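**Q** I am attaching a structure below and will ask some questions about it afterwards.
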Amino acid sequence: LKVLAIIPARSGSKGIKNKNLVNLHGKPLIYWTIKEARKVNFIDEIIVSTDSKIIADEAKKYSIKVPFIRPKKLSSDTSNSIELILHALNWFEKNLIFYDIVILLEPTSPFRESQDIVNAVNLMISKNAQSVVGISKIKSDHPDFTYSKNKNYFIKPFFTEKPILSRRQDTKTLFFLEGSVYASYTDTLRKELTFYHNKTVGFEFSKIKSIEIDDKEDLYIAEALMNYKERNKIEE
């Protein structure tokens, strides 16, 4: 099976300016995804899909190909990942290069490791699924403990009629879609236009690996964790 990995990195970002190039532990954010993707032996090609020459030049420093500059219409706040994936696949197919599996690796997940990518794709294949997405257990934000607040500051349970006073350990185990890894057979992605359907499996990530960099608070937490792991030589 021929495998393409796409690292999407547009220039625009509301939470953090130039987010994909922001400094995290002495390296641009995109570096941490490139570093781990390059360790995966079964990936035939890694590319960065970007609308920015600056980001393209940064990716090339790490020997990552940027075969095209993504059109602006596919790089706005309203653009979705499927559009940029299909754009990349179509570009390769016009050049008579075809891939069986495509992997999407968001730079905003700096704690995802190469073995996670390997295990996620292997899970998809071994379970005879068509897609795999990253998931992680819901803990502090479990729906049983979710409340809404009205304009007068009074709160009420969001999903139930009355408060649930159960212990956290008694709640049903639920997961959220955490975004570290997406993979699919390309034929299925073209047909479904999504990674989420009845032939999708979930690959579980730990709480730390599920940290996404969306705003400055996330960046501060990630930097603190990297410093802590380095000082204590911690490996997950």
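By order of appearance in the structure tokens: chains A, B, ..., then residues from 1 within every chain, and ligands from 1 in the order shown.
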Taking only residues of segment 93-166 of chain A that have an atom at most 10 Å from an atom of segment 189-198 of chain A, what is each one's shortest atom pair and its distance in Å to one decimal, using only C-alpha atoms, in chain and number order, as CSV?
**A**
```
residue,atom,partner,partner_atom,distance
A:Ile101,CA,A:Leu189,CA,9.3
A:Val102,CA,A:Leu189,CA,8.8
A:Ala129,CA,A:Asn198,CA,8.8
A:Gln130,CA,A:Leu189,CA,8.6
A:Ser131,CA,A:Phe195,CA,5.9
A:Val132,CA,A:Phe195,CA,7.1
A:Val133,CA,A:Phe195,CA,7.2
```
**Q** Next, dump the selected residues to file, keeping only N, CA and C atoms, as a PDB file, in the first residue's frame.
**A**
```pdb
ATOM      1  N   ILE A 101      -3.495   5.057   0.810  1.00  0.00           N
ATOM      2  CA  ILE A 101      -3.867   5.565   2.129  1.00  0.00           C
ATOM      3  C   ILE A 101      -3.344   6.983   2.278  1.00  0.00           C
ATOM      4  N   VAL A 102      -4.162   7.848   2.884  1.00  0.00           N
ATOM      5  CA  VAL A 102      -3.723   9.207   3.188  1.00  0.00           C
ATOM      6  C   VAL A 102      -3.824   9.418   4.698  1.00  0.00           C
ATOM      7  N   ALA A 129     -11.203  -1.810   8.930  1.00  0.00           N
ATOM      8  CA  ALA A 129     -11.914  -0.534   8.881  1.00  0.00           C
ATOM      9  C   ALA A 129     -11.470   0.222   7.634  1.00  0.00           C
ATOM     10  N   GLN A 130     -12.088   1.373   7.405  1.00  0.00           N
ATOM     11  CA  GLN A 130     -11.732   2.202   6.258  1.00  0.00           C
ATOM     12  C   GLN A 130     -11.065   3.507   6.680  1.00  0.00           C
ATOM     13  N   SER A 131     -11.279   3.906   7.934  1.00  0.00           N
ATOM     14  CA  SER A 131     -10.675   5.124   8.458  1.00  0.00           C
ATOM     15  C   SER A 131     -10.338   4.929   9.928  1.00  0.00           C
ATOM     16  N   VAL A 132      -9.429   5.773  10.423  1.00  0.00           N
ATOM     17  CA  VAL A 132      -9.113   5.797  11.851  1.00  0.00           C
ATOM     18  C   VAL A 132      -8.929   7.245  12.266  1.00  0.00           C
ATOM     19  N   VAL A 133      -9.415   7.576  13.465  1.00  0.00           N
ATOM     20  CA  VAL A 133      -9.251   8.921  14.010  1.00  0.00           C
ATOM     21  C   VAL A 133      -8.776   8.821  15.453  1.00  0.00           C
TER      22      VAL A 133
END
```
**Q** What lies within 12 Å of segment 66-69 of chain A using only C-alpha atoms, ignoring chain neighbours under 2 positions off, as a compact mmCIF listing (two decimals) with all heavy atoms, in the first residue's frame?
**A**
```
# COMPACT_ATOMS: atom_id res chain seq x y z
N ALA A 5 1.39 11.18 3.63
CA ALA A 5 1.11 11.93 4.85
C ALA A 5 1.08 13.42 4.51
O ALA A 5 2.00 13.94 3.87
CB ALA A 5 2.16 11.66 5.92
N ILE A 6 0.01 14.08 4.91
CA ILE A 6 -0.15 15.51 4.66
C ILE A 6 -0.13 16.26 5.99
O ILE A 6 -0.88 15.93 6.91
CB ILE A 6 -1.47 15.81 3.92
CG1 ILE A 6 -1.53 15.05 2.59
CG2 ILE A 6 -1.63 17.31 3.70
CD1 ILE A 6 -2.87 15.18 1.89
N ILE A 7 0.72 17.26 6.08
CA ILE A 7 0.77 18.15 7.24
C ILE A 7 0.18 19.49 6.79
O ILE A 7 0.80 20.20 6.01
CB ILE A 7 2.20 18.33 7.75
CG1 ILE A 7 2.79 16.96 8.15
CG2 ILE A 7 2.24 19.30 8.94
CD1 ILE A 7 4.27 17.02 8.52
N PRO A 8 -1.03 19.82 7.24
CA PRO A 8 -1.66 21.07 6.81
C PRO A 8 -1.17 22.23 7.66
O PRO A 8 -1.11 22.13 8.90
CB PRO A 8 -3.15 20.81 7.04
CG PRO A 8 -3.17 19.86 8.20
CD PRO A 8 -1.91 19.03 8.10
N ALA A 9 -0.80 23.33 7.03
CA ALA A 9 -0.24 24.46 7.79
C ALA A 9 -0.53 25.77 7.08
O ALA A 9 0.34 26.33 6.40
CB ALA A 9 1.27 24.27 7.98
N ARG A 10 -1.74 26.27 7.26
CA ARG A 10 -2.07 27.54 6.63
C ARG A 10 -1.49 28.70 7.44
O ARG A 10 -1.14 28.54 8.61
CB ARG A 10 -3.58 27.69 6.46
CG ARG A 10 -4.38 27.84 7.74
CD ARG A 10 -5.88 27.85 7.43
NE ARG A 10 -6.67 28.04 8.65
CZ ARG A 10 -7.06 29.22 9.10
NH1 ARG A 10 -6.72 30.32 8.44
NH2 ARG A 10 -7.79 29.33 10.19
N SER A 11 -1.44 29.86 6.83
CA SER A 11 -0.80 31.02 7.47
C SER A 11 -1.71 31.70 8.47
O SER A 11 -1.26 32.24 9.47
CB SER A 11 -0.36 32.03 6.41
OG SER A 11 -1.45 32.41 5.60
N GLU A 45 5.56 9.27 1.22
CA GLU A 45 5.80 10.69 0.96
C GLU A 45 5.15 11.52 2.05
O GLU A 45 4.03 11.25 2.47
CB GLU A 45 5.22 11.08 -0.40
CG GLU A 45 5.56 12.49 -0.84
CD GLU A 45 7.02 12.62 -1.28
OE1 GLU A 45 7.31 12.40 -2.46
OE2 GLU A 45 7.86 12.93 -0.41
N ILE A 46 5.90 12.52 2.53
CA ILE A 46 5.37 13.50 3.48
C ILE A 46 5.39 14.85 2.79
O ILE A 46 6.42 15.25 2.24
CB ILE A 46 6.22 13.58 4.77
CG1 ILE A 46 6.36 12.21 5.43
CG2 ILE A 46 5.61 14.60 5.74
CD1 ILE A 46 7.40 12.18 6.54
N ILE A 47 4.26 15.54 2.82
CA ILE A 47 4.24 16.89 2.26
C ILE A 47 3.61 17.85 3.25
O ILE A 47 2.85 17.44 4.14
CB ILE A 47 3.45 16.97 0.92
CG1 ILE A 47 1.96 16.71 1.15
CG2 ILE A 47 4.02 16.01 -0.11
CD1 ILE A 47 1.08 17.16 0.00
N VAL A 48 3.95 19.11 3.11
CA VAL A 48 3.26 20.18 3.84
C VAL A 48 2.37 20.90 2.84
O VAL A 48 2.82 21.29 1.76
CB VAL A 48 4.26 21.15 4.49
CG1 VAL A 48 3.55 22.44 4.92
CG2 VAL A 48 4.91 20.49 5.70
N SER A 49 1.10 21.02 3.18
CA SER A 49 0.15 21.77 2.35
C SER A 49 -0.06 23.12 3.01
O SER A 49 -0.62 23.21 4.10
CB SER A 49 -1.18 21.01 2.25
OG SER A 49 -2.15 21.80 1.57
N THR A 50 0.40 24.18 2.35
CA THR A 50 0.34 25.51 2.93
C THR A 50 0.09 26.57 1.87
O THR A 50 0.37 26.36 0.68
CB THR A 50 1.65 25.83 3.69
OG1 THR A 50 1.54 27.12 4.31
CG2 THR A 50 2.85 25.84 2.74
N ASP A 51 -0.43 27.70 2.32
CA ASP A 51 -0.62 28.85 1.43
C ASP A 51 0.49 29.89 1.65
O ASP A 51 0.44 30.98 1.09
CB ASP A 51 -1.97 29.50 1.72
CG ASP A 51 -2.09 29.99 3.16
OD1 ASP A 51 -1.47 29.36 4.05
OD2 ASP A 51 -2.78 30.99 3.41
N SER A 52 1.49 29.53 2.48
CA SER A 52 2.52 30.47 2.89
C SER A 52 3.91 30.05 2.42
O SER A 52 4.36 28.94 2.70
CB SER A 52 2.52 30.59 4.42
OG SER A 52 3.69 31.21 4.90
N LYS A 53 4.59 30.96 1.73
CA LYS A 53 5.97 30.68 1.31
C LYS A 53 6.89 30.57 2.52
O LYS A 53 7.84 29.79 2.53
CB LYS A 53 6.47 31.76 0.36
CG LYS A 53 7.85 31.45 -0.24
CD LYS A 53 8.29 32.52 -1.20
CE LYS A 53 9.64 32.15 -1.85
NZ LYS A 53 10.70 31.89 -0.86
N ILE A 54 6.60 31.34 3.56
CA ILE A 54 7.44 31.29 4.77
C ILE A 54 7.35 29.92 5.42
O ILE A 54 8.36 29.33 5.81
CB ILE A 54 7.01 32.40 5.76
CG1 ILE A 54 7.24 33.78 5.15
CG2 ILE A 54 7.78 32.26 7.08
CD1 ILE A 54 6.70 34.92 5.98
N ILE A 55 6.12 29.40 5.55
CA ILE A 55 5.95 28.05 6.12
C ILE A 55 6.57 27.01 5.20
O ILE A 55 7.21 26.06 5.67
CB ILE A 55 4.45 27.75 6.35
CG1 ILE A 55 3.90 28.67 7.45
CG2 ILE A 55 4.25 26.28 6.73
CD1 ILE A 55 2.40 28.54 7.67
N ALA A 56 6.41 27.18 3.89
CA ALA A 56 7.01 26.25 2.93
C ALA A 56 8.53 26.20 3.10
O ALA A 56 9.13 25.11 3.12
CB ALA A 56 6.65 26.65 1.51
N ASP A 57 9.14 27.37 3.23
CA ASP A 57 10.60 27.42 3.40
C ASP A 57 11.03 26.76 4.70
O ASP A 57 12.08 26.10 4.75
CB ASP A 57 11.08 28.88 3.37
CG ASP A 57 10.98 29.50 1.98
OD1 ASP A 57 10.86 28.74 1.00
OD2 ASP A 57 11.00 30.75 1.88
N GLU A 58 10.22 26.91 5.74
CA GLU A 58 10.54 26.29 7.03
C GLU A 58 10.48 24.76 6.91
O GLU A 58 11.35 24.05 7.41
CB GLU A 58 9.57 26.77 8.11
CG GLU A 58 9.92 26.32 9.52
CD GLU A 58 11.23 26.90 10.03
OE1 GLU A 58 11.56 28.06 9.67
OE2 GLU A 58 11.93 26.20 10.79
N ALA A 59 9.45 24.26 6.23
CA ALA A 59 9.32 22.81 6.05
C ALA A 59 10.48 22.24 5.26
O ALA A 59 10.99 21.15 5.57
CB ALA A 59 8.00 22.51 5.34
N LYS A 60 10.92 22.97 4.25
CA LYS A 60 12.03 22.50 3.41
C LYS A 60 13.34 22.40 4.19
O LYS A 60 14.23 21.63 3.82
CB LYS A 60 12.19 23.41 2.20
CG LYS A 60 11.03 23.29 1.20
CD LYS A 60 11.12 24.33 0.10
CE LYS A 60 9.92 24.28 -0.84
NZ LYS A 60 9.96 25.35 -1.87
N LYS A 61 13.46 23.17 5.27
CA LYS A 61 14.66 23.07 6.12
C LYS A 61 14.81 21.68 6.71
O LYS A 61 15.91 21.24 7.02
CB LYS A 61 14.58 24.09 7.26
CG LYS A 61 14.74 25.53 6.85
CD LYS A 61 14.65 26.44 8.07
CE LYS A 61 14.72 27.91 7.70
NZ LYS A 61 14.58 28.79 8.88
N TYR A 62 13.67 20.99 6.86
CA TYR A 62 13.68 19.64 7.44
C TYR A 62 13.49 18.58 6.35
O TYR A 62 13.06 17.46 6.64
CB TYR A 62 12.58 19.53 8.50
CG TYR A 62 12.67 20.61 9.55
CD1 TYR A 62 11.73 21.64 9.60
CD2 TYR A 62 13.72 20.65 10.46
CE1 TYR A 62 11.82 22.65 10.55
CE2 TYR A 62 13.82 21.65 11.41
CZ TYR A 62 12.87 22.65 11.45
OH TYR A 62 12.96 23.66 12.38
N SER A 63 13.81 18.95 5.11
CA SER A 63 13.75 18.02 3.96
C SER A 63 12.35 17.50 3.69
O SER A 63 12.16 16.35 3.27
CB SER A 63 14.72 16.84 4.18
OG SER A 63 16.04 17.31 4.34
N ILE A 64 11.34 18.33 3.95
CA ILE A 64 9.96 17.98 3.66
C ILE A 64 9.54 18.68 2.37
O ILE A 64 9.79 19.87 2.20
CB ILE A 64 9.03 18.38 4.81
CG1 ILE A 64 9.38 17.60 6.08
CG2 ILE A 64 7.56 18.14 4.44
CD1 ILE A 64 9.25 16.10 5.97
N PRO A 71 -4.05 26.98 -2.77
CA PRO A 71 -4.85 28.16 -3.13
C PRO A 71 -5.47 28.82 -1.90
O PRO A 71 -5.82 28.15 -0.93
CB PRO A 71 -5.94 27.59 -4.04
CG PRO A 71 -5.38 26.29 -4.55
CD PRO A 71 -4.51 25.76 -3.45
N LYS A 72 -5.61 30.14 -1.94
CA LYS A 72 -6.17 30.89 -0.82
C LYS A 72 -7.59 30.43 -0.50
O LYS A 72 -8.00 30.43 0.66
CB LYS A 72 -6.17 32.39 -1.14
CG LYS A 72 -4.79 33.01 -1.14
CD LYS A 72 -4.17 33.03 0.26
CE LYS A 72 -2.80 33.70 0.23
NZ LYS A 72 -2.17 33.67 1.58
N LYS A 73 -8.34 30.02 -1.52
CA LYS A 73 -9.73 29.61 -1.29
C LYS A 73 -9.82 28.33 -0.44
O LYS A 73 -10.88 28.02 0.11
CB LYS A 73 -10.46 29.40 -2.61
CG LYS A 73 -9.94 28.25 -3.45
CD LYS A 73 -10.74 28.12 -4.74
CE LYS A 73 -10.24 26.94 -5.58
NZ LYS A 73 -11.01 26.78 -6.84
N LEU A 74 -8.71 27.60 -0.34
CA LEU A 74 -8.66 26.39 0.49
C LEU A 74 -7.92 26.65 1.80
O LEU A 74 -7.54 25.71 2.50
CB LEU A 74 -7.98 25.25 -0.26
CG LEU A 74 -8.64 24.79 -1.57
CD1 LEU A 74 -7.85 23.64 -2.17
CD2 LEU A 74 -10.09 24.37 -1.32
N SER A 75 -7.71 27.92 2.12
CA SER A 75 -6.90 28.26 3.29
C SER A 75 -7.57 29.28 4.21
O SER A 75 -6.91 29.90 5.03
CB SER A 75 -5.54 28.82 2.84
OG SER A 75 -4.88 27.92 1.97
N LEU A 84 -8.57 20.24 1.38
CA LEU A 84 -7.12 20.33 1.15
C LEU A 84 -6.52 18.96 0.84
O LEU A 84 -5.55 18.86 0.07
CB LEU A 84 -6.42 21.01 2.32
CG LEU A 84 -6.22 20.24 3.63
CD1 LEU A 84 -4.93 19.43 3.63
CD2 LEU A 84 -6.20 21.21 4.81
N HIS A 87 -7.40 18.21 -2.76
CA HIS A 87 -6.55 19.06 -3.61
C HIS A 87 -5.17 18.43 -3.78
O HIS A 87 -4.64 18.37 -4.90
CB HIS A 87 -6.42 20.46 -2.98
CG HIS A 87 -5.42 21.33 -3.67
ND1 HIS A 87 -4.13 21.51 -3.19
CD2 HIS A 87 -5.50 22.07 -4.81
CE1 HIS A 87 -3.47 22.32 -4.00
NE2 HIS A 87 -4.28 22.68 -4.98
N ALA A 88 -4.60 17.93 -2.69
CA ALA A 88 -3.28 17.29 -2.77
C ALA A 88 -3.33 16.00 -3.58
O ALA A 88 -2.47 15.75 -4.44
CB ALA A 88 -2.77 17.01 -1.35
N LEU A 89 -4.33 15.16 -3.32
CA LEU A 89 -4.45 13.90 -4.06
C LEU A 89 -4.63 14.15 -5.55
O LEU A 89 -4.03 13.46 -6.38
CB LEU A 89 -5.63 13.08 -3.51
CG LEU A 89 -5.46 12.49 -2.12
CD1 LEU A 89 -6.77 11.85 -1.65
CD2 LEU A 89 -4.33 11.46 -2.08
N ASN A 90 -5.45 15.15 -5.88
CA ASN A 90 -5.67 15.47 -7.29
C ASN A 90 -4.38 15.97 -7.95
O ASN A 90 -4.10 15.65 -9.11
CB ASN A 90 -6.76 16.53 -7.43
CG ASN A 90 -8.14 15.98 -7.09
OD1 ASN A 90 -8.36 14.77 -7.13
ND2 ASN A 90 -9.06 16.86 -6.74
N TRP A 91 -3.60 16.74 -7.21
CA TRP A 91 -2.33 17.24 -7.74
C TRP A 91 -1.40 16.07 -8.09
O TRP A 91 -0.79 16.04 -9.17
CB TRP A 91 -1.65 18.17 -6.73
CG TRP A 91 -0.42 18.84 -7.27
CD1 TRP A 91 -0.35 20.05 -7.88
CD2 TRP A 91 0.92 18.30 -7.27
NE1 TRP A 91 0.96 20.32 -8.25
CE2 TRP A 91 1.76 19.25 -7.89
CE3 TRP A 91 1.49 17.11 -6.80
CZ2 TRP A 91 3.12 19.06 -8.05
CZ3 TRP A 91 2.85 16.92 -6.97
CH2 TRP A 91 3.65 17.87 -7.59
N PHE A 92 -1.31 15.11 -7.18
CA PHE A 92 -0.44 13.96 -7.43
C PHE A 92 -0.97 13.11 -8.59
O PHE A 92 -0.19 12.64 -9.42
CB PHE A 92 -0.32 13.11 -6.16
CG PHE A 92 0.69 13.63 -5.18
CD1 PHE A 92 0.29 14.24 -4.00
CD2 PHE A 92 2.06 13.54 -5.43
CE1 PHE A 92 1.22 14.73 -3.09
CE2 PHE A 92 3.00 14.03 -4.54
CZ PHE A 92 2.58 14.63 -3.36
N ASN A 95 -0.12 14.11 -11.87
CA ASN A 95 1.27 13.77 -12.16
C ASN A 95 1.49 12.25 -12.13
O ASN A 95 2.62 11.78 -11.99
CB ASN A 95 2.19 14.45 -11.14
CG ASN A 95 2.26 15.96 -11.36
OD1 ASN A 95 3.03 16.44 -12.18
ND2 ASN A 95 1.43 16.70 -10.62
```
**Q** List the neighbours of segment 116-120 of chain A out to 8 Å using only C-alpha atoms; skip same-chain residues closer than 2 positions along the sequence, and give me the result as a short mmCIF file (atom, residue, chain, number, x, y, z; two decimals) with N, CA, C and O atoms, in the first residue's frame.
**A**
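Result file follows (part20.cif):
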```
data_model
loop_
_atom_site.label_atom_id
_atom_site.label_comp_id
_atom_site.auth_asym_id
_atom_site.auth_seq_id
_atom_site.Cartn_x
_atom_site.Cartn_y
_atom_site.Cartn_z
N ALA A 37 6.71 12.30 11.99
CA ALA A 37 6.26 11.72 10.72
C ALA A 37 7.43 11.08 9.97
O ALA A 37 7.29 10.03 9.34
N VAL A 40 8.31 7.33 10.55
CA VAL A 40 7.39 6.25 10.17
C VAL A 40 7.83 5.66 8.84
O VAL A 40 7.72 6.29 7.79
N ARG A 112 2.00 13.99 19.83
CA ARG A 112 1.79 12.74 19.11
C ARG A 112 3.15 12.21 18.64
O ARG A 112 3.99 12.95 18.15
N GLU A 113 3.38 10.90 18.79
CA GLU A 113 4.66 10.30 18.45
C GLU A 113 4.53 9.37 17.24
O GLU A 113 3.42 8.97 16.85
N SER A 114 5.68 9.03 16.66
CA SER A 114 5.68 8.20 15.45
C SER A 114 4.98 6.86 15.67
O SER A 114 4.26 6.38 14.80
N ASN A 122 -2.17 0.74 11.72
CA ASN A 122 -2.25 -0.72 11.88
C ASN A 122 -3.60 -1.15 12.44
O ASN A 122 -4.13 -2.21 12.08
N LEU A 123 -4.16 -0.33 13.35
CA LEU A 123 -5.48 -0.63 13.89
C LEU A 123 -6.53 -0.60 12.79
O LEU A 123 -7.38 -1.50 12.70
N MET A 124 -6.48 0.41 11.95
CA MET A 124 -7.42 0.51 10.83
C MET A 124 -7.35 -0.72 9.94
O MET A 124 -8.39 -1.29 9.57
N VAL A 132 -9.43 5.77 10.42
CA VAL A 132 -9.11 5.80 11.85
C VAL A 132 -8.93 7.25 12.27
O VAL A 132 -8.40 8.06 11.51
N VAL A 133 -9.41 7.58 13.46
CA VAL A 133 -9.25 8.92 14.01
C VAL A 133 -8.78 8.82 15.45
O VAL A 133 -9.02 7.81 16.13
N GLY A 134 -8.11 9.86 15.92
CA GLY A 134 -7.66 9.89 17.30
C GLY A 134 -8.80 10.23 18.25
O GLY A 134 -9.61 11.11 17.97
N VAL A 181 -4.33 12.22 14.91
CA VAL A 181 -4.13 11.40 13.71
C VAL A 181 -5.48 11.18 13.02
O VAL A 181 -6.48 10.88 13.66
N PHE A 203 -8.53 5.42 17.61
CA PHE A 203 -7.27 5.06 18.27
C PHE A 203 -7.10 5.98 19.47
O PHE A 203 -7.07 7.21 19.34
#
```
**Q** If you run DSSP over the backbone, which residues in segment 1-214 of chain A end up alpha helix (DSSP H)? Put them as a VMD selection string.
**A** chain A and resid 29 to 37 53 to 61 81 to 94 114 to 126 186 to 192
**Q** According to DSSP computed on the backbone, where in chain A is there strand (DSSP E or B)? Give the residues as a ChimeraX atom specification.
**A** /A:3-8,23-24,27-28,45-50,65,69,101-104,131-137,147-149,155-157,175-185,200-204
